[in-house]
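J.: Coordinates in query.csv, CSV, C-alpha atoms, are listed below.
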```csv
chain,number,residue,atom,x,y,z
F,1,MET,CA,0.0,0.0,0.0
F,2,ARG,CA,1.4,3.3,-1.1
F,3,LEU,CA,1.3,6.0,1.6
F,4,GLY,CA,1.3,9.7,1.3
F,5,ILE,CA,2.3,11.5,4.6
F,6,LEU,CA,1.4,15.1,5.3
F,7,ILE,CA,3.4,16.9,8.0
F,8,SER,CA,3.9,20.4,9.3
F,9,GLY,CA,6.7,19.9,11.8
F,10,ARG,CA,8.7,17.1,13.4
F,11,GLY,CA,6.3,14.5,12.1
F,12,SER,CA,7.3,12.0,14.8
F,13,ASN,CA,4.4,9.8,13.7
F,14,PHE,CA,5.8,9.8,10.2
F,15,GLU,CA,9.1,8.6,11.6
F,16,ALA,CA,7.3,5.8,13.6
F,17,ILE,CA,5.4,4.7,10.5
F,18,SER,CA,8.7,4.6,8.6
F,19,ASN,CA,10.4,2.6,11.4
F,20,ALA,CA,7.5,0.1,11.3
F,21,ILE,CA,8.0,-0.3,7.6
F,22,ASN,CA,11.8,-0.7,7.9
F,23,LYS,CA,11.4,-3.3,10.6
F,24,GLY,CA,9.0,-5.3,8.4
F,25,LYS,CA,6.1,-4.9,10.8
F,26,LEU,CA,4.1,-2.7,8.4
F,27,GLU,CA,3.8,-3.8,4.8
F,28,ALA,CA,3.6,-0.4,3.0
F,29,GLU,CA,5.7,2.1,1.2
F,30,ILE,CA,5.9,5.8,1.8
F,31,ALA,CA,5.5,7.2,-1.7
F,32,ILE,CA,5.8,10.8,-0.7
F,33,VAL,CA,6.1,13.1,2.3
F,34,ILE,CA,4.5,16.5,1.8
F,35,SER,CA,5.0,19.4,4.2
F,36,ASN,CA,3.2,22.7,4.2
F,37,ARG,CA,6.2,24.3,5.9
F,38,ALA,CA,9.7,24.4,4.3
F,39,ASN,CA,11.4,24.1,7.7
F,40,ALA,CA,9.5,21.0,8.9
F,41,ALA,CA,12.1,18.8,10.8
F,42,GLY,CA,10.4,15.7,9.4
F,43,LEU,CA,11.6,16.6,5.9
F,44,GLU,CA,15.2,16.0,6.9
F,45,ILE,CA,14.4,12.6,8.3
F,46,ALA,CA,12.6,11.7,5.0
F,47,ARG,CA,15.6,13.0,3.0
F,48,GLU,CA,18.1,10.9,5.1
F,49,ARG,CA,15.9,7.8,4.4
F,50,GLY,CA,15.6,8.4,0.7
F,51,ILE,CA,11.9,9.1,0.8
F,52,PRO,CA,10.6,11.5,-1.8
F,53,ILE,CA,9.6,14.9,-0.3
F,54,ARG,CA,7.8,17.9,-1.5
F,55,VAL,CA,7.2,21.2,0.2
F,56,ILE,CA,3.9,22.9,-0.8
F,57,PRO,CA,3.7,26.1,1.2
F,58,SER,CA,0.2,26.8,2.5
F,59,GLN,CA,0.5,30.3,3.8
F,60,GLY,CA,-1.8,32.7,2.0
F,61,VAL,CA,-3.2,30.0,-0.3
F,62,ASP,CA,-6.9,29.4,-0.5
F,63,ARG,CA,-7.9,26.1,1.1
F,64,GLU,CA,-9.6,24.6,-2.0
F,65,LYS,CA,-6.7,25.7,-4.3
F,66,TYR,CA,-4.1,24.3,-1.8
F,67,ASP,CA,-5.9,21.0,-1.4
F,68,LYS,CA,-6.1,20.6,-5.2
F,69,ILE,CA,-2.4,21.0,-5.5
F,70,VAL,CA,-1.8,18.4,-2.7
F,71,ILE,CA,-4.3,16.0,-4.2
F,72,GLU,CA,-2.5,16.2,-7.6
F,73,GLU,CA,0.8,15.5,-6.0
F,74,LEU,CA,-0.5,12.5,-4.1
F,75,LYS,CA,-2.2,11.1,-7.3
F,76,THR,CA,1.1,11.6,-9.2
F,77,HIS,CA,2.8,9.4,-6.6
F,78,GLU,CA,-0.1,6.9,-6.8
F,79,VAL,CA,-0.9,7.3,-3.1
F,80,GLU,CA,-3.5,4.9,-1.9
F,81,LEU,CA,-3.7,6.0,1.7
F,82,VAL,CA,-3.0,9.5,3.1
F,83,CYS,CA,-1.7,9.7,6.6
F,84,LEU,CA,-1.7,13.0,8.5
F,85,ALA,CA,1.2,13.3,11.0
F,86,GLY,CA,1.0,16.6,12.7
F,87,PHE,CA,-0.4,18.3,9.6
F,88,MET,CA,-1.8,21.6,11.1
F,89,ARG,CA,-4.5,22.3,8.6
F,90,LEU,CA,-8.1,21.3,8.2
F,91,LEU,CA,-8.8,19.5,4.9
F,92,SER,CA,-11.5,20.6,2.5
F,93,ALA,CA,-14.5,18.4,1.7
F,94,SER,CA,-13.1,17.9,-1.8
F,95,PHE,CA,-9.9,16.5,-0.4
F,96,VAL,CA,-11.8,14.1,1.7
F,97,GLN,CA,-13.9,13.1,-1.3
F,98,ALA,CA,-10.8,12.6,-3.4
F,99,PHE,CA,-9.7,9.9,-0.9
F,100,PRO,CA,-12.9,8.5,0.5
F,101,ASN,CA,-12.1,6.7,3.8
F,102,ARG,CA,-8.5,6.9,2.7
F,103,VAL,CA,-7.3,9.7,4.9
F,104,LEU,CA,-6.1,8.9,8.4
F,105,ASN,CA,-5.2,11.2,11.3
F,106,ILE,CA,-3.9,10.5,14.9
F,107,HIS,CA,-5.1,12.7,17.7
F,108,PRO,CA,-3.6,12.8,21.2
F,109,SER,CA,-6.9,12.2,23.1
F,110,LEU,CA,-9.6,9.6,23.5
F,111,LEU,CA,-12.0,11.3,21.1
F,112,PRO,CA,-14.7,12.6,21.3
F,113,ALA,CA,-13.0,14.1,24.4
F,114,PHE,CA,-10.7,17.0,23.9
F,115,PRO,CA,-10.7,17.6,20.1
F,116,GLY,CA,-8.6,20.5,18.7
F,117,LEU,CA,-5.4,22.0,19.8
F,118,ASP,CA,-3.6,21.2,23.1
F,119,ALA,CA,-5.6,18.1,23.8
F,120,GLN,CA,-3.2,17.0,26.5
F,121,LYS,CA,-3.4,20.3,28.3
F,122,GLN,CA,-7.2,20.1,28.0
F,123,ALA,CA,-7.1,16.7,29.5
F,124,LEU,CA,-4.9,17.7,32.4
F,125,GLU,CA,-7.1,20.8,33.1
F,126,TYR,CA,-10.2,18.7,33.1
F,127,GLY,CA,-8.6,16.3,35.5
F,128,VAL,CA,-9.2,13.0,33.7
F,129,LYS,CA,-7.4,9.9,35.0
F,130,ILE,CA,-7.3,8.2,31.6
F,131,ALA,CA,-6.1,9.9,28.4
F,132,GLY,CA,-5.0,8.3,25.2
F,133,CYS,CA,-4.8,8.6,21.4
F,134,THR,CA,-7.2,8.0,18.6
F,135,VAL,CA,-6.5,7.0,15.0
F,136,HIS,CA,-9.4,8.0,12.9
F,137,PHE,CA,-10.6,8.5,9.3
F,138,VAL,CA,-10.6,12.2,8.4
F,139,ASP,CA,-13.7,14.0,7.4
F,140,GLU,CA,-14.1,17.7,6.7
F,141,PHE,CA,-14.8,18.5,10.4
F,142,LEU,CA,-12.2,18.7,13.2
F,143,ASP,CA,-11.2,15.4,14.8
F,144,SER,CA,-14.6,14.0,14.1
F,145,GLY,CA,-14.3,11.1,11.6
F,146,PRO,CA,-14.9,7.4,12.3
F,147,ILE,CA,-12.5,5.9,14.8
F,148,ILE,CA,-10.2,3.0,13.8
F,149,LEU,CA,-8.1,2.4,16.9
F,150,GLN,CA,-7.8,4.0,20.4
F,151,THR,CA,-5.2,3.4,23.1
F,152,ALA,CA,-5.7,4.4,26.7
F,153,VAL,CA,-2.9,6.1,28.6
F,154,PRO,CA,-2.9,6.7,32.4
F,155,VAL,CA,-2.7,10.2,33.7
F,156,LEU,CA,-0.5,10.5,36.8
F,157,ASP,CA,-0.9,13.0,39.6
F,158,LYS,CA,2.6,14.4,38.9
F,159,ASP,CA,2.0,14.8,35.2
F,160,THR,CA,2.9,18.0,33.3
F,161,VAL,CA,1.7,18.7,29.8
F,162,GLU,CA,5.1,17.5,28.6
F,163,SER,CA,5.2,14.2,30.5
F,164,LEU,CA,1.7,13.3,29.5
F,165,SER,CA,2.3,14.3,25.9
F,166,ALA,CA,5.4,12.1,25.8
F,167,ARG,CA,3.5,9.1,27.2
F,168,ILE,CA,0.6,9.6,24.7
F,169,LEU,CA,3.0,10.1,21.8
F,170,LEU,CA,4.8,6.9,22.6
F,171,GLN,CA,1.5,5.0,22.5
F,172,GLY,CA,0.5,6.8,19.3
F,173,HIS,CA,3.7,5.5,17.6
F,174,LEU,CA,2.6,2.0,18.6
F,175,THR,CA,-1.0,2.5,17.4
F,176,TYR,CA,-0.8,4.4,14.1
F,177,TRP,CA,1.0,1.8,12.0
F,178,ARG,CA,-1.3,-1.0,13.3
F,179,ALA,CA,-4.3,0.9,11.9
F,180,ILE,CA,-2.5,1.3,8.6
F,181,GLN,CA,-1.5,-2.3,8.5
F,182,ALA,CA,-5.2,-3.4,9.2
F,183,ILE,CA,-6.3,-1.2,6.3
F,184,SER,CA,-3.5,-2.5,4.1
F,185,GLU,CA,-4.6,-6.1,4.8
F,186,GLY,CA,-8.2,-5.3,3.9
F,187,LEU,CA,-9.4,-6.0,7.4
F,188,VAL,CA,-11.2,-2.7,7.9
F,189,THR,CA,-14.7,-1.8,6.9
F,190,VAL,CA,-16.6,1.4,7.7
F,191,ALA,CA,-20.3,1.3,8.4
F,192,GLY,CA,-21.6,4.7,9.2
F,193,ARG,CA,-19.5,5.9,12.2
F,194,LYS,CA,-18.5,2.3,13.1
F,195,VAL,CA,-15.2,0.9,11.9
F,196,LEU,CA,-15.0,-2.8,12.1
F,197,ILE,CA,-11.7,-4.6,12.1
F,198,ALA,CA,-11.8,-8.3,11.1
F,199,GLU,CA,-9.4,-10.8,12.7
F,200,PRO,CA,-6.3,-11.3,10.4
F,201,GLN,CA,-6.2,-14.8,8.8
F,202,LEU,CA,-3.4,-16.9,10.3
F,203,GLU,CA,-0.9,-17.9,7.6
F,204,GLU,CA,-0.6,-21.6,6.8
W,1,MET,CA,-16.6,6.1,57.4
W,2,ARG,CA,-20.4,6.2,57.4
W,3,LEU,CA,-21.9,6.0,54.0
W,4,GLY,CA,-25.3,7.1,52.8
W,5,ILE,CA,-26.3,5.5,49.5
W,6,LEU,CA,-29.0,6.9,47.2
W,7,ILE,CA,-30.7,4.6,44.7
W,8,SER,CA,-33.6,4.7,42.2
W,9,GLY,CA,-33.6,1.1,41.0
W,10,ARG,CA,-31.5,-2.0,41.2
W,11,GLY,CA,-28.6,-0.2,42.7
W,12,SER,CA,-26.0,-2.8,41.7
W,13,ASN,CA,-23.3,-0.4,42.7
W,14,PHE,CA,-24.8,-0.3,46.1
W,15,GLU,CA,-24.6,-4.1,46.2
W,16,ALA,CA,-21.0,-4.0,45.1
W,17,ILE,CA,-20.1,-1.5,47.8
W,18,SER,CA,-21.8,-3.6,50.4
W,19,ASN,CA,-20.0,-6.7,49.1
W,20,ALA,CA,-16.6,-4.9,49.4
W,21,ILE,CA,-17.5,-4.0,53.0
W,22,ASN,CA,-18.6,-7.5,53.8
W,23,LYS,CA,-15.4,-8.9,52.3
W,24,GLY,CA,-13.3,-6.5,54.5
W,25,LYS,CA,-11.8,-4.8,51.4
W,26,LEU,CA,-13.6,-1.5,52.1
W,27,GLU,CA,-13.5,-0.1,55.7
W,28,ALA,CA,-16.8,1.7,55.8
W,29,GLU,CA,-20.4,1.2,57.1
W,30,ILE,CA,-23.6,1.8,55.1
W,31,ALA,CA,-25.6,3.9,57.5
W,32,ILE,CA,-28.7,4.3,55.3
W,33,VAL,CA,-29.9,3.5,51.8
W,34,ILE,CA,-32.4,6.0,50.5
W,35,SER,CA,-34.5,5.5,47.4
W,36,ASN,CA,-36.7,8.0,45.7
W,37,ARG,CA,-38.8,5.1,44.3
W,38,ALA,CA,-40.7,2.7,46.6
W,39,ASN,CA,-40.2,-0.2,44.2
W,40,ALA,CA,-36.4,0.1,43.8
W,41,ALA,CA,-35.0,-3.5,43.8
W,42,GLY,CA,-32.0,-2.4,45.7
W,43,LEU,CA,-34.2,-1.8,48.8
W,44,GLU,CA,-34.9,-5.5,49.1
W,45,ILE,CA,-31.1,-6.3,49.0
W,46,ALA,CA,-30.6,-3.7,51.8
W,47,ARG,CA,-33.4,-5.2,53.8
W,48,GLU,CA,-31.9,-8.7,53.5
W,49,ARG,CA,-28.6,-7.4,54.7
W,50,GLY,CA,-30.0,-5.5,57.6
W,51,ILE,CA,-29.1,-2.1,56.3
W,52,PRO,CA,-31.4,0.7,57.3
W,53,ILE,CA,-33.6,1.9,54.4
W,54,ARG,CA,-35.8,4.9,53.8
W,55,VAL,CA,-38.1,5.6,50.8
W,56,ILE,CA,-38.5,9.3,50.1
W,57,PRO,CA,-40.7,9.7,47.0
W,58,SER,CA,-39.5,12.4,44.7
W,59,GLN,CA,-42.4,12.6,42.3
W,60,GLY,CA,-44.0,16.0,42.3
W,61,VAL,CA,-41.8,17.3,45.0
W,62,ASP,CA,-39.8,20.5,44.4
W,63,ARG,CA,-36.1,19.8,44.1
W,64,GLU,CA,-34.9,22.1,46.9
W,65,LYS,CA,-37.6,20.8,49.2
W,66,TYR,CA,-36.8,17.2,48.3
W,67,ASP,CA,-33.1,17.6,48.8
W,68,LYS,CA,-33.7,19.2,52.2
W,69,ILE,CA,-35.6,16.1,53.4
W,70,VAL,CA,-32.8,13.8,52.1
W,71,ILE,CA,-30.1,16.0,53.7
W,72,GLU,CA,-31.9,15.8,57.0
W,73,GLU,CA,-32.2,12.0,56.8
W,74,LEU,CA,-28.5,11.7,55.9
W,75,LYS,CA,-27.5,13.9,58.8
W,76,THR,CA,-29.7,12.0,61.2
W,77,HIS,CA,-27.8,8.9,60.3
W,78,GLU,CA,-24.5,10.8,60.7
W,79,VAL,CA,-23.5,10.1,57.1
W,80,GLU,CA,-20.0,11.3,56.2
W,81,LEU,CA,-20.0,10.3,52.5
W,82,VAL,CA,-22.9,10.2,50.1
W,83,CYS,CA,-22.7,7.7,47.3
W,84,LEU,CA,-25.1,7.9,44.3
W,85,ALA,CA,-25.8,4.5,42.8
W,86,GLY,CA,-28.1,4.9,39.9
W,87,PHE,CA,-29.9,7.8,41.6
W,88,MET,CA,-31.8,9.3,38.7
W,89,ARG,CA,-32.1,12.9,39.9
W,90,LEU,CA,-29.9,16.0,39.7
W,91,LEU,CA,-28.9,17.3,43.1
W,92,SER,CA,-29.5,20.9,44.0
W,93,ALA,CA,-26.6,23.3,44.8
W,94,SER,CA,-27.7,23.3,48.4
W,95,PHE,CA,-27.3,19.5,48.6
W,96,VAL,CA,-23.8,19.7,47.2
W,97,GLN,CA,-23.0,22.5,49.7
W,98,ALA,CA,-24.3,20.4,52.6
W,99,PHE,CA,-21.7,17.7,51.7
W,100,PRO,CA,-18.8,19.6,50.1
W,101,ASN,CA,-16.7,17.1,48.2
W,102,ARG,CA,-18.5,14.4,50.0
W,103,VAL,CA,-21.0,13.3,47.3
W,104,LEU,CA,-19.8,10.6,44.8
W,105,ASN,CA,-21.3,9.3,41.6
W,106,ILE,CA,-20.3,6.7,39.1
W,107,HIS,CA,-21.0,7.2,35.4
W,108,PRO,CA,-20.7,4.6,32.7
W,109,SER,CA,-18.4,6.5,30.4
W,110,LEU,CA,-14.9,8.0,30.4
W,111,LEU,CA,-16.1,11.5,31.2
W,112,PRO,CA,-16.2,14.2,29.8
W,113,ALA,CA,-17.2,11.9,26.9
W,114,PHE,CA,-20.9,10.9,26.9
W,115,PRO,CA,-22.5,12.5,29.9
W,116,GLY,CA,-26.1,12.1,30.6
W,117,LEU,CA,-28.5,9.2,29.9
W,118,ASP,CA,-27.6,6.2,27.8
W,119,ALA,CA,-23.9,6.8,27.9
W,120,GLN,CA,-23.1,3.3,26.6
W,121,LYS,CA,-25.5,3.7,23.6
W,122,GLN,CA,-23.9,7.1,22.9
W,123,ALA,CA,-20.5,5.5,23.0
W,124,LEU,CA,-21.5,2.7,20.6
W,125,GLU,CA,-23.2,5.1,18.2
W,126,TYR,CA,-20.1,7.4,18.2
W,127,GLY,CA,-18.0,4.3,17.4
W,128,VAL,CA,-15.4,4.6,20.2
W,129,LYS,CA,-13.0,1.7,20.7
W,130,ILE,CA,-12.5,2.4,24.4
W,131,ALA,CA,-15.3,3.1,26.8
W,132,GLY,CA,-15.2,3.0,30.6
W,133,CYS,CA,-16.5,4.3,33.9
W,134,THR,CA,-15.8,7.4,36.0
W,135,VAL,CA,-16.2,7.9,39.7
W,136,HIS,CA,-16.4,11.6,40.4
W,137,PHE,CA,-17.4,14.1,43.0
W,138,VAL,CA,-20.9,15.5,42.3
W,139,ASP,CA,-21.5,19.2,41.7
W,140,GLU,CA,-24.7,20.8,40.7
W,141,PHE,CA,-24.2,20.1,37.0
W,142,LEU,CA,-24.7,16.9,35.2
W,143,ASP,CA,-21.7,14.4,35.4
W,144,SER,CA,-19.3,17.3,35.6
W,145,GLY,CA,-17.6,17.2,39.0
W,146,PRO,CA,-13.9,16.4,39.7
W,147,ILE,CA,-12.8,12.9,38.7
W,148,ILE,CA,-11.5,10.5,41.3
W,149,LEU,CA,-11.0,7.3,39.3
W,150,GLN,CA,-11.6,6.1,35.8
W,151,THR,CA,-11.4,2.6,34.4
W,152,ALA,CA,-11.1,1.9,30.6
W,153,VAL,CA,-13.1,-0.8,29.0
W,154,PRO,CA,-12.6,-2.1,25.5
W,155,VAL,CA,-15.5,-1.9,23.0
W,156,LEU,CA,-15.8,-4.9,20.8
W,157,ASP,CA,-17.1,-4.9,17.2
W,158,LYS,CA,-19.8,-7.3,18.2
W,159,ASP,CA,-21.0,-5.3,21.2
W,160,THR,CA,-24.6,-4.4,21.8
W,161,VAL,CA,-25.7,-1.8,24.3
W,162,GLU,CA,-26.4,-4.7,26.7
W,163,SER,CA,-23.0,-6.4,26.4
W,164,LEU,CA,-21.0,-3.2,26.6
W,165,SER,CA,-23.1,-2.0,29.6
W,166,ALA,CA,-22.5,-5.3,31.4
W,167,ARG,CA,-18.7,-5.0,30.8
W,168,ILE,CA,-18.7,-1.4,32.1
W,169,LEU,CA,-20.9,-2.3,35.1
W,170,LEU,CA,-18.5,-5.0,36.1
W,171,GLN,CA,-15.5,-2.6,36.0
W,172,GLY,CA,-17.6,0.0,37.8
W,173,HIS,CA,-18.2,-2.5,40.7
W,174,LEU,CA,-14.4,-2.9,40.9
W,175,THR,CA,-13.8,0.9,40.8
W,176,TYR,CA,-16.4,2.5,43.0
W,177,TRP,CA,-15.3,1.0,46.4
W,178,ARG,CA,-11.7,1.8,45.7
W,179,ALA,CA,-12.5,5.5,45.4
W,180,ILE,CA,-14.5,5.3,48.7
W,181,GLN,CA,-11.7,3.5,50.4
W,182,ALA,CA,-9.1,6.1,49.2
W,183,ILE,CA,-11.4,8.9,50.7
W,184,SER,CA,-11.9,6.9,53.8
W,185,GLU,CA,-8.2,6.6,54.3
W,186,GLY,CA,-7.7,10.3,53.9
W,187,LEU,CA,-5.6,9.9,50.7
W,188,VAL,CA,-7.7,12.1,48.5
W,189,THR,CA,-7.3,15.8,48.1
W,190,VAL,CA,-9.2,18.1,45.6
W,191,ALA,CA,-7.4,21.0,44.0
W,192,GLY,CA,-9.7,22.8,41.6
W,193,ARG,CA,-10.8,20.1,39.1
W,194,LYS,CA,-7.8,17.9,40.0
W,195,VAL,CA,-8.2,15.0,42.4
W,196,LEU,CA,-4.9,13.8,43.8
W,197,ILE,CA,-4.6,10.4,45.4
W,198,ALA,CA,-1.7,9.8,47.7
W,199,GLU,CA,0.0,6.4,47.9
W,200,PRO,CA,-1.3,4.5,50.9
W,201,GLN,CA,1.2,4.1,53.7
W,202,LEU,CA,2.4,0.5,54.1
W,203,GLU,CA,1.5,-0.9,57.5
W,204,GLU,CA,4.4,-1.8,59.8
```
Represent the structure of the file as structure tokens.

T.:
Amino acid sequence: MRLGILISGRGSNFEAISNAINKGKLEAEIAIVISNRANAAGLEIARERGIPIRVIPSQGVDREKYDKIVIEELKTHEVELVCLAGFMRLLSASFVQAFPNRVLNIHPSLLPAFPGLDAQKQALEYGVKIAGCTVHFVDEFLDSGPIILQTAVPVLDKDTVESLSARILLQGHLTYWRAIQAISEGLVTVAGRKVLIAEPQLEE
Amino acid sequence: MRLGILISGRGSNFEAISNAINKGKLEAEIAIVISNRANAAGLEIARERGIPIRVIPSQGVDREKYDKIVIEELKTHEVELVCLAGFMRLLSASFVQAFPNRVLNIHPSLLPAFPGLDAQKQALEYGVKIAGCTVHFVDEFLDSGPIILQTAVPVLDKDTVESLSARILLQGHLTYWRAIQAISEGLVTVAGRKVLIAEPQLEE
């Protein structure tokens, strides 16, 4: 399965996906990494690993127009699944329609709790005892698409935003590629808001 | 610690708390079980166990007036901690003020997700992969007070409202008395929305 990964910064989830591929855990290929910021640190990692990169600056560009350019780039690289990895822009409805149930995102909370920015800070301020991360299909609304996988993460009394974020990020790295792998194996079906994941067939 | 338990129906969490006391896991005493419905099944269980019961019908009674009668009954029985166990009424601000940080509730979701009625159905319809239960202090708003403990529960593809509810209920029974025990041991402090639970001291 050919992946297109969209980043805005460090893209640590991109790195985790790439690691899972390199270790042979995830059967997929990263066809292209696209960043909307020229200085995204993830670009350097992609470059080192010989993964094609493309910077498409978003500042001052109309959303529909921007998304059209990105869609074209993804299609050129025959991308089958788009993975957002810290891509700090909402996608237009036409982007979502160009890749129906083929755009993934990971969010650092157990959605529907704490959508949007600073989810970990929101969680700490609310005082939850269990936080987590959510891999979901992307629709045109914020952090609202059907959920593929979630992982729970404990919140400790002594947690800061940084320590909680680090714990969630770690679990995210272990969760995202499993969602991609399930899709790649054809195990995932979407029925309304419900995402069903079939058991993988054991190999002979 | 003397407990007052408020029920409206089966009160299975009341039964679980009573079981934890009888097994010597929870050091507390149930001073009174109050039901706002005369036919609540939990009353029979209390009767069998020799726990004092009182029916205070709520239908048609003004909230402030009702709560005043309940507060009086609780004070008469020298209740130190009020535990809601399927008590289907919002409490007034004056009730909460009468027992500041001394009213607990358990809700069958990982709050702040899915407050209110039919939390398990809400969770299934949203398509979350992790549900759970929350023991929290009660304030005058719905399912909104500071969180003491949460337990995560997996949602399975084949789940119905009934099967998910049963799984959450079971975990709730294992969670509620632990929150009460922590309060009874003086380990719990509330700082704004954050509830901190100190480590219990090991006995010599």

J.: Counting all atoms listed in the file, what is within 6 Å of range 172-186 of chain F, bar same-chain residues fewer than 5 positions away, as a CSV table (one decimal) with C-alpha atoms, in the frame of the given file?

T.:
```csv
chain,number,residue,atom,x,y,z
F,1,MET,CA,0.0,0.0,0.0
F,13,ASN,CA,4.4,9.8,13.7
F,16,ALA,CA,7.3,5.8,13.6
F,17,ILE,CA,5.4,4.7,10.5
F,26,LEU,CA,4.1,-2.7,8.4
F,133,CYS,CA,-4.8,8.6,21.4
```

J.: What are the residues of chain W lining chain F at 6 Å or less? Count all atoms listed in the file, and put the answer as an NGL selection string.

T.: :W and (113 or 127 or 129 or 150 or 157 or 193-194 or 196)

J.: Using all atoms listed in the file, can you list as a list in words the residues within 8 Å of (7.0, 6.5, -5.5)?

T.: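 Collected hits near the coordinates: Arg2, Ile30, Ala31, Ile32, Pro52, His77 and Glu78 of chain F.
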
J.: What does the distance from CA of Val135 in chain F to CA of His107 in chain F come to in Å, to one decimal?

T.: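 Pair CA of Val135 in chain F / CA of His107 in chain F returns 6.5 Å.
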
J.: With a distance cut-off of 10 Å and only C-alpha atoms, select the neighbouring residues of range 53-60 of chain F, excluding the residue or stretch itself and same-chain residues fewer than 6 positions from it, and output the selection as a PyMOL selection string.

T.: chain F and resi 4-8+31-40+42-44+46-47+66-67+69-70+73+89

J.: Could you work out how far CA of Arg167 in chain W lies from CA of Phe14 in chain W, giving the answer in Å with one decimal?

T.: 17.1 Å

J.: Please, what distance in Å, to one decimal, runs between CA of Glu48 in chain W and CA of Met88 in chain W?

T.: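 Between these atoms lies a distance of 23.3 Å.
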
J.: Any idea what's packed within 8 Å of Leu84 in chain F, counting all atoms listed in the file, ignoring anything in its chain fewer than 2 positions away? Could you give it as a list in words?

T.: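 Counting only the stated atoms, we get Ile5, Leu6, Ile7, Val82, Gly86, Phe87, Val103, Leu104, Asn105 and Ile106 of chain F.
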
J.: Determine, counting all atoms listed in the file, which protein, DNA and RNA residues have an atom within 10 Å of an atom of Gly116 in chain F; residues of the same chain fewer than 4 positions away are not included. Present the result as a list in words.

T.: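 What passes the distance filter is His107, Pro108, Ser109, Gln122, Leu142, Asp143 and Ser144 of chain F.
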
J.: Residues within 7 Å of Ser92 in chain F, please, as JSON, numbers by chain. Count all atoms listed in the file; anything in the same chain fewer than 3 positions from it doesn't count.

T.: {"F": [63, 64, 67, 95, 96, 140]}

J.: Deliver the residues from the most recent selection as a file, using C-alpha atoms, as a PDB file, in the frame of the given file.

T.:
```pdb
ATOM      1  CA  ARG F  63      -7.900  26.100   1.100  1.00  0.00           C
ATOM      2  CA  GLU F  64      -9.600  24.600  -2.000  1.00  0.00           C
ATOM      3  CA  ASP F  67      -5.900  21.000  -1.400  1.00  0.00           C
ATOM      4  CA  PHE F  95      -9.900  16.500  -0.400  1.00  0.00           C
ATOM      5  CA  VAL F  96     -11.800  14.100   1.700  1.00  0.00           C
ATOM      6  CA  GLU F 140     -14.100  17.700   6.700  1.00  0.00           C
TER       7      GLU F 140
END
```
